[in-house]
>>> print(open('target.cif').read())   # mmCIF, C-alpha atoms
data_protein
loop_
_atom_site.label_atom_id
_atom_site.label_comp_id
_atom_site.auth_asym_id
_atom_site.auth_seq_id
_atom_site.Cartn_x
_atom_site.Cartn_y
_atom_site.Cartn_z
CA MET A 17 47.86 7.07 2.52
CA THR A 18 46.32 10.48 1.85
CA ASP A 19 46.38 13.43 4.22
CA GLY A 20 42.98 12.39 5.50
CA GLY A 21 44.25 8.91 6.35
CA VAL A 22 42.19 7.15 3.68
CA THR A 23 43.80 5.32 0.77
CA PRO A 24 42.49 6.04 -2.76
CA ALA A 25 41.54 2.36 -3.09
CA ARG A 26 39.37 2.53 0.02
CA ALA A 27 37.71 5.75 -1.17
CA ASP A 28 36.96 4.10 -4.53
CA ALA A 29 35.46 1.12 -2.75
CA ARG A 30 33.16 3.35 -0.71
CA ARG A 31 32.10 5.25 -3.80
CA ASN A 32 31.39 2.02 -5.69
CA ARG A 33 29.33 0.68 -2.80
CA ALA A 34 27.27 3.88 -2.74
CA LEU A 35 26.73 3.66 -6.51
CA VAL A 36 25.61 0.04 -6.24
CA LEU A 37 23.19 0.85 -3.39
CA GLN A 38 21.68 3.77 -5.26
CA ALA A 39 21.24 1.77 -8.45
CA ALA A 40 19.83 -1.19 -6.53
CA ARG A 41 17.34 0.99 -4.68
CA PHE A 42 15.85 2.34 -7.90
CA ALA A 43 15.94 -1.05 -9.64
CA PHE A 44 14.26 -2.89 -6.76
CA GLU A 45 11.64 -0.14 -6.41
CA GLU A 46 10.72 -0.60 -10.06
CA GLN A 47 11.01 -4.40 -10.43
CA GLY A 48 11.18 -5.89 -6.95
CA LEU A 49 13.17 -9.02 -6.14
CA GLY A 50 13.07 -10.19 -9.74
CA VAL A 51 15.64 -7.68 -11.03
CA PRO A 52 18.93 -9.42 -12.06
CA LEU A 53 22.17 -8.41 -10.38
CA GLY A 54 23.65 -7.79 -13.81
CA GLU A 55 21.04 -5.07 -14.40
CA ILE A 56 21.99 -3.41 -11.11
CA ALA A 57 25.67 -3.51 -12.01
CA ARG A 58 24.90 -1.95 -15.40
CA ARG A 59 22.94 0.87 -13.80
CA ALA A 60 25.71 1.50 -11.28
CA GLY A 61 28.35 1.57 -14.01
CA VAL A 62 30.42 -1.17 -12.38
CA GLY A 63 31.16 -4.81 -13.07
CA ALA A 64 29.25 -7.71 -11.53
CA GLY A 65 32.35 -8.62 -9.53
CA THR A 66 32.26 -5.22 -7.82
CA VAL A 67 28.68 -5.85 -6.74
CA TYR A 68 29.59 -9.26 -5.28
CA ARG A 69 32.59 -7.81 -3.42
CA HIS A 70 30.28 -5.55 -1.45
CA PHE A 71 27.19 -7.78 -1.27
CA PRO A 72 27.57 -11.59 -1.30
CA SER A 73 24.07 -12.18 -2.69
CA LYS A 74 21.12 -10.39 -4.23
CA GLU A 75 19.17 -10.95 -1.02
CA ALA A 76 21.86 -9.16 1.00
CA LEU A 77 21.73 -6.23 -1.40
CA PHE A 78 17.94 -6.21 -1.28
CA ARG A 79 18.03 -6.08 2.52
CA ALA A 80 20.43 -3.14 2.49
CA THR A 81 18.10 -1.13 0.23
CA ILE A 82 14.88 -1.54 2.23
CA VAL A 83 15.89 -1.68 5.89
CA ASP A 84 15.93 2.10 6.22
CA ARG A 85 12.46 2.36 4.67
CA ILE A 86 10.92 -0.15 7.09
CA GLU A 87 12.73 1.46 10.02
CA LEU A 88 11.20 4.79 9.01
CA PHE A 89 7.71 3.28 9.23
CA THR A 90 8.61 1.82 12.63
CA ASP A 91 9.93 5.12 13.97
CA THR A 92 6.81 6.93 12.76
CA ALA A 93 4.55 4.40 14.48
CA ARG A 94 6.50 4.79 17.72
CA ASP A 95 6.18 8.56 17.53
CA LEU A 96 2.40 8.17 17.25
CA ALA A 97 2.04 5.75 20.16
CA GLU A 98 0.87 8.36 22.69
CA VAL A 99 -1.36 10.59 20.56
CA MET A 100 -4.68 11.82 21.94
CA ASP A 101 -6.83 10.50 19.04
CA PRO A 102 -5.50 6.94 18.52
CA GLY A 103 -8.33 5.77 16.23
CA PRO A 104 -8.03 8.36 13.44
CA VAL A 105 -4.23 8.29 13.74
CA PHE A 106 -4.20 4.49 13.36
CA PHE A 107 -6.20 4.68 10.13
CA ARG A 108 -4.10 7.54 8.77
CA PHE A 109 -0.92 5.58 9.51
CA LEU A 110 -2.21 2.48 7.68
CA SER A 111 -3.24 4.60 4.72
CA SER A 112 0.18 6.27 4.61
CA VAL A 113 2.03 2.94 4.70
CA VAL A 114 -0.08 1.59 1.83
CA ARG A 115 0.22 4.79 -0.22
CA LEU A 116 4.01 4.99 0.12
CA ALA A 117 4.76 1.27 -0.12
CA SER A 118 2.46 0.62 -3.08
CA ARG A 119 4.68 2.89 -5.19
CA ASN A 120 7.72 0.84 -4.22
CA LYS A 121 7.84 -2.72 -5.60
CA ALA A 122 10.75 -3.55 -3.29
CA LEU A 123 8.78 -2.67 -0.16
CA CYS A 124 5.74 -4.58 -1.41
CA ASP A 125 7.85 -7.69 -2.02
CA ALA A 126 9.60 -7.32 1.36
CA LEU A 127 6.38 -6.92 3.34
CA GLU A 128 4.72 -9.80 1.48
CA GLU A 129 7.68 -12.14 1.98
CA ALA A 130 8.09 -11.12 5.62
CA GLY A 131 4.38 -11.59 6.27
CA ALA A 132 4.64 -15.13 4.89
CA GLY A 133 7.67 -15.84 7.11
CA ARG A 134 10.01 -16.26 4.13
CA PHE A 135 12.06 -13.10 4.60
CA GLU A 136 13.51 -11.01 7.42
CA PRO A 137 14.86 -7.63 6.25
CA SER A 138 17.41 -7.55 9.07
CA PRO A 139 17.53 -9.05 12.57
CA GLY A 140 14.74 -7.45 14.57
CA VAL A 141 13.54 -5.02 11.87
CA GLY A 142 10.35 -6.90 10.99
CA GLN A 143 9.59 -7.64 14.63
CA ASN A 144 10.12 -4.00 15.61
CA PHE A 145 7.64 -2.90 12.94
CA ASP A 146 5.06 -5.45 14.13
CA GLU A 147 5.45 -4.36 17.75
CA ALA A 148 5.09 -0.67 16.92
CA LEU A 149 2.06 -1.37 14.71
CA GLU A 150 0.50 -3.54 17.42
CA VAL A 151 0.70 -0.66 19.91
CA LEU A 152 -1.24 1.59 17.53
CA LEU A 153 -3.77 -1.20 16.94
CA ARG A 154 -4.29 -1.86 20.65
CA ARG A 155 -4.76 1.83 21.51
CA ALA A 156 -7.26 2.27 18.67
CA GLN A 157 -9.17 -0.77 19.96
CA GLU A 158 -9.16 0.59 23.51
CA ALA A 159 -10.59 3.85 22.17
CA GLY A 160 -13.43 1.88 20.55
CA ASP A 161 -12.50 2.80 16.98
CA VAL A 162 -11.23 -0.61 15.82
CA ARG A 163 -13.06 -3.91 16.24
CA PRO A 164 -11.60 -5.84 19.20
CA ASP A 165 -11.34 -9.25 17.48
CA VAL A 166 -8.47 -8.24 15.14
CA GLY A 167 -4.88 -9.19 16.03
CA ILE A 168 -1.54 -8.16 14.59
CA THR A 169 -1.32 -11.28 12.41
CA GLU A 170 -4.64 -10.50 10.73
CA LEU A 171 -3.73 -6.83 10.44
CA ARG A 172 -0.47 -7.64 8.68
CA ALA A 173 -2.33 -9.96 6.29
CA LEU A 174 -4.83 -7.20 5.51
CA LEU A 175 -2.03 -4.69 5.02
CA VAL A 176 -0.13 -6.94 2.61
CA GLY A 177 -3.30 -7.82 0.72
CA CYS A 178 -4.24 -4.17 0.43
CA LEU A 179 -0.80 -3.37 -0.99
CA SER A 180 -1.23 -6.02 -3.65
CA MET A 181 -4.71 -4.82 -4.55
CA GLU A 182 -3.70 -1.16 -4.78
CA ARG A 183 -0.99 -2.15 -7.24
CA ALA A 184 -3.28 -4.51 -9.16
CA VAL A 185 -6.11 -2.00 -9.70
CA PRO A 186 -4.46 1.43 -10.02
CA GLY A 187 -6.64 4.46 -10.66
CA ASP A 188 -5.14 5.26 -14.03
CA GLY A 189 -8.23 6.64 -15.69
CA SER A 190 -8.76 3.57 -17.86
CA GLY A 191 -11.64 2.17 -15.84
CA GLY A 192 -9.67 0.92 -12.82
CA ALA A 193 -10.59 1.67 -9.22
CA ALA A 194 -9.96 5.12 -7.81
CA PRO A 195 -6.62 5.53 -5.98
CA GLY A 196 -6.98 4.55 -2.32
CA ARG A 197 -10.24 2.68 -2.85
CA MET A 198 -8.84 -0.63 -1.62
CA THR A 199 -7.34 1.13 1.41
CA ALA A 200 -10.69 2.70 2.28
CA LEU A 201 -12.35 -0.71 2.07
CA MET A 202 -9.68 -2.23 4.33
CA CYS A 203 -10.12 0.51 6.92
CA ASP A 204 -13.90 0.09 6.88
CA ALA A 205 -13.46 -3.63 7.56
CA LEU A 206 -11.54 -2.73 10.73
CA ARG A 207 -13.97 -0.13 12.08
CA THR A 208 -16.44 -0.88 14.86
CA GLU A 209 -19.31 1.26 13.55
CA ARG A 210 -21.49 0.28 10.64
CA ALA A 211 -21.02 3.55 8.78
CA VAL A 212 -18.64 3.26 5.85
CA THR A 213 -16.30 5.67 4.13
CA GLU A 214 -17.75 7.38 1.08
CA LEU A 215 -15.66 6.10 -1.79
CA GLU A 216 -14.81 8.02 -4.90
CA ALA A 217 -16.92 6.79 -7.78
CA GLU A 218 -15.19 4.60 -10.32
CA PRO A 219 -14.57 6.36 -13.64
CA VAL A 220 -17.42 5.93 -16.11
CA LYS A 221 -16.24 4.39 -19.35
CA ARG A 222 -17.34 5.68 -22.69
CA ASN A 223 -20.75 4.34 -23.76
CA GLU A 224 -21.61 3.53 -20.14
CA ALA A 225 -24.09 5.06 -17.69
CA ARG A 226 -24.98 4.68 -14.01
CA CYS A 227 -28.19 3.25 -12.58
CA GLU A 228 -30.16 6.09 -10.99
CA VAL A 229 -31.03 3.92 -7.99
CA CYS A 230 -28.00 1.82 -7.04
CA GLY A 231 -25.25 3.50 -9.08
CA ALA A 232 -24.23 0.30 -10.88
CA THR A 233 -22.62 0.64 -14.30
CA ILE A 234 -24.94 -0.11 -17.22
CA ALA A 235 -24.05 -0.24 -20.89
CA ALA A 236 -25.65 2.46 -23.00
CA ALA A 237 -28.28 1.29 -25.46
CA ARG A 238 -27.21 1.42 -29.10
CA THR A 239 -30.68 2.56 -30.19
CA GLY A 240 -33.65 4.15 -28.48
CA ARG A 241 -33.68 6.00 -25.17
CA PRO A 242 -30.69 5.61 -22.79
CA ALA A 243 -31.20 3.10 -20.00
CA ARG A 244 -31.84 4.63 -16.56
CA TYR A 245 -31.85 1.50 -14.38
CA CYS A 246 -29.75 -1.65 -14.22
CA GLY A 247 -32.75 -3.97 -13.99
CA GLY A 248 -36.34 -4.54 -12.94
CA ALA A 249 -35.69 -4.35 -9.19
CA CYS A 250 -34.23 -0.84 -9.38
CA ARG A 251 -36.96 0.21 -11.80
CA GLN A 252 -39.59 -0.89 -9.25
CA LYS A 253 -37.78 0.95 -6.44
CA ALA A 254 -37.74 4.14 -8.50
CA HIS A 255 -41.45 3.71 -9.31
CA ARG A 256 -42.37 3.25 -5.62
CA ALA A 257 -40.30 6.31 -4.70
CA ARG A 258 -42.16 8.41 -7.27
CA GLU A 259 -45.52 7.16 -5.96
CA ARG A 260 -44.59 8.10 -2.38
CA THR A 261 -43.59 11.55 -3.57
CA ARG A 262 -46.92 12.09 -5.35
CA ARG A 263 -48.89 11.14 -2.22
CA THR A 264 -47.07 13.62 0.02
#
>>> encode(input="target.cif", output="structure tokens")
Amino acid sequence: MTDGGVTPARADARRNRALVLQAARFAFEEQGLGVPLGEIARRAGVGAGTVYRHFPSKEALFRATIVDRIELFTDTARDLAEVMDPGPVFFRFLSSVVRLASRNKALCDALEEAGAGRFEPSPGVGQNFDEALEVLLRRAQEAGDVRPDVGITELRALLVGCLSMERAVPGDGSGGAAPGRMTALMCDALRTERAVTELEAEPVKRNEARCEVCGATIAAARTGRPARYCGGACRQKAHRARERTRRT
């Protein structure tokens, strides 16, 4: 025993557990559930046997790395339950969850698996998140900001789908959607009013132009004058608009 009452072996075990958790957190964030335990052990600088001594399975280790993240979302939702402007706060909370979780493959996998009923991060953790989210949803509906026919099951499905889409079409400057575009579309689907959020325009690729009427992408002509409209319908609309202007 040491003066502090802790044996060196026990201190080593605690240090190894912390190293494994830290390595697992980064590995799962990057690769999700598919990362091998051997890779986690390599990153932690320990043997595979050390990992198994602290965590009997990869699923147990995965749970340990994400529970605190989901609990943080839950605590934040609970803190927002009594705000004065429930509608805007509800949409900001959804956007924050998507923005933070979409950068974390582990959280994406956990929320997707939990939403499908195949995974429970820890007893009560998933249910607590659903209950806290449902309170925000109900208050936003009572305020008239969210359509009343949406339930927590549909909201979770939308949230998980939005996470997948944000990861699938990142705004990386190579022609993908602007960051947050999928989230804005999800929020608009939940709103009661017909007005929609103004979305950031998708990046224009080289040798492309935008239709002057509808904004659709059109390929630049190789010869002759650059195209101004995507087709005959938009060309006619532009012509009628010019005629109305001349008459006034």
>>> closest_residue(input="target.cif", among="A:Gln38, A:Asn32, A:Gln47, A:Thr90", to="A:Glu147", atoms="only C-alpha atoms")
A:Thr90
>>> resolve_selection(input="target.cif", expression="the PyMOL selection byres ((chain A and resi 119) around 12)", output="list in words")
Phe42, Phe44, Glu45, Glu46, Gln47, Gly48, Ser112, Val113, Val114, Arg115, Leu116, Ala117, Ser118, Asn120, Lys121, Ala122, Leu123, Cys124, Asp125, Leu179, Ser180, Glu182, Arg183, Ala184, Pro186 and Pro195 of chain A
>>> residues_around(input="target.cif", residues="A:Ala97", least_positions_apart="6", cutoff="9 Å", atoms="only C-alpha atoms", output="PyMOL selection string")
chain A and resi 148-149+151-152+155
>>> write_last_selection(input="target.cif", atoms="C-alpha atoms", output="tab-separated table (two decimals), keeping the file's coordinate frame")
chain	number	residue	atom	x	y	z
A	148	ALA	CA	5.09	-0.67	16.92
A	149	LEU	CA	2.06	-1.37	14.71
A	151	VAL	CA	0.70	-0.66	19.91
A	152	LEU	CA	-1.24	1.59	17.53
A	155	ARG	CA	-4.76	1.83	21.51
>>> atom_distance(input="target.cif", atom1="atom CA of A:Ala156", atom2="atom CA of A:Phe107")
8.9 Å
>>> closest_residue(input="target.cif", among="A:Arg108, A:Arg94, A:Arg41, A:Arg58", to="A:Gly196", atoms="all atoms listed in the file")
A:Arg108
>>> atom_distance(input="target.cif", atom1="atom CA of A:Phe106", atom2="atom CA of A:Leu171")
11.7 Å
>>> resolve_selection(input="target.cif", expression="the PyMOL selection byres ((chain A and resi 68) around 12)", output="PyMOL selection string")
chain A and resi 32-33+36+53-54+56-57+62-67+69-77
>>> atom_distance(input="target.cif", atom1="atom CA of A:Asp146", atom2="atom CA of A:Ala39")
28.7 Å
>>> axis_aligned_box(input="target.cif", around="stretch 56-59 of chain A", padding_each_side="4 Å", output="JSON")
{"center_x": 23.8, "center_y": -1.3, "center_z": -13.3, "size_x": 11.7, "size_y": 12.4, "size_z": 12.3}
>>> residues_around(input="target.cif", residues="stretch 162-167 of chain A", least_positions_apart="5", cutoff="8 Å", atoms="all atoms listed in the file", output="VMD selection string")
chain A and resid 103 150 153 156 to 157 206 to 208
>>> closest_residue(input="target.cif", among="A:Leu110, A:Pro52, A:Ala254, A:Ile168", to="A:Met202", atoms="all atoms listed in the file")
A:Leu110
>>> closest_residue(input="target.cif", among="A:Pro102, A:Arg26, A:Ala243, A:Arg31", to="A:Glu158", atoms="all atoms listed in the file")
A:Pro102
>>> closest_residue(input="target.cif", among="A:Ala173, A:Leu35, A:Met100, A:Ala60", to="A:Leu127", atoms="all atoms listed in the file")
A:Ala173
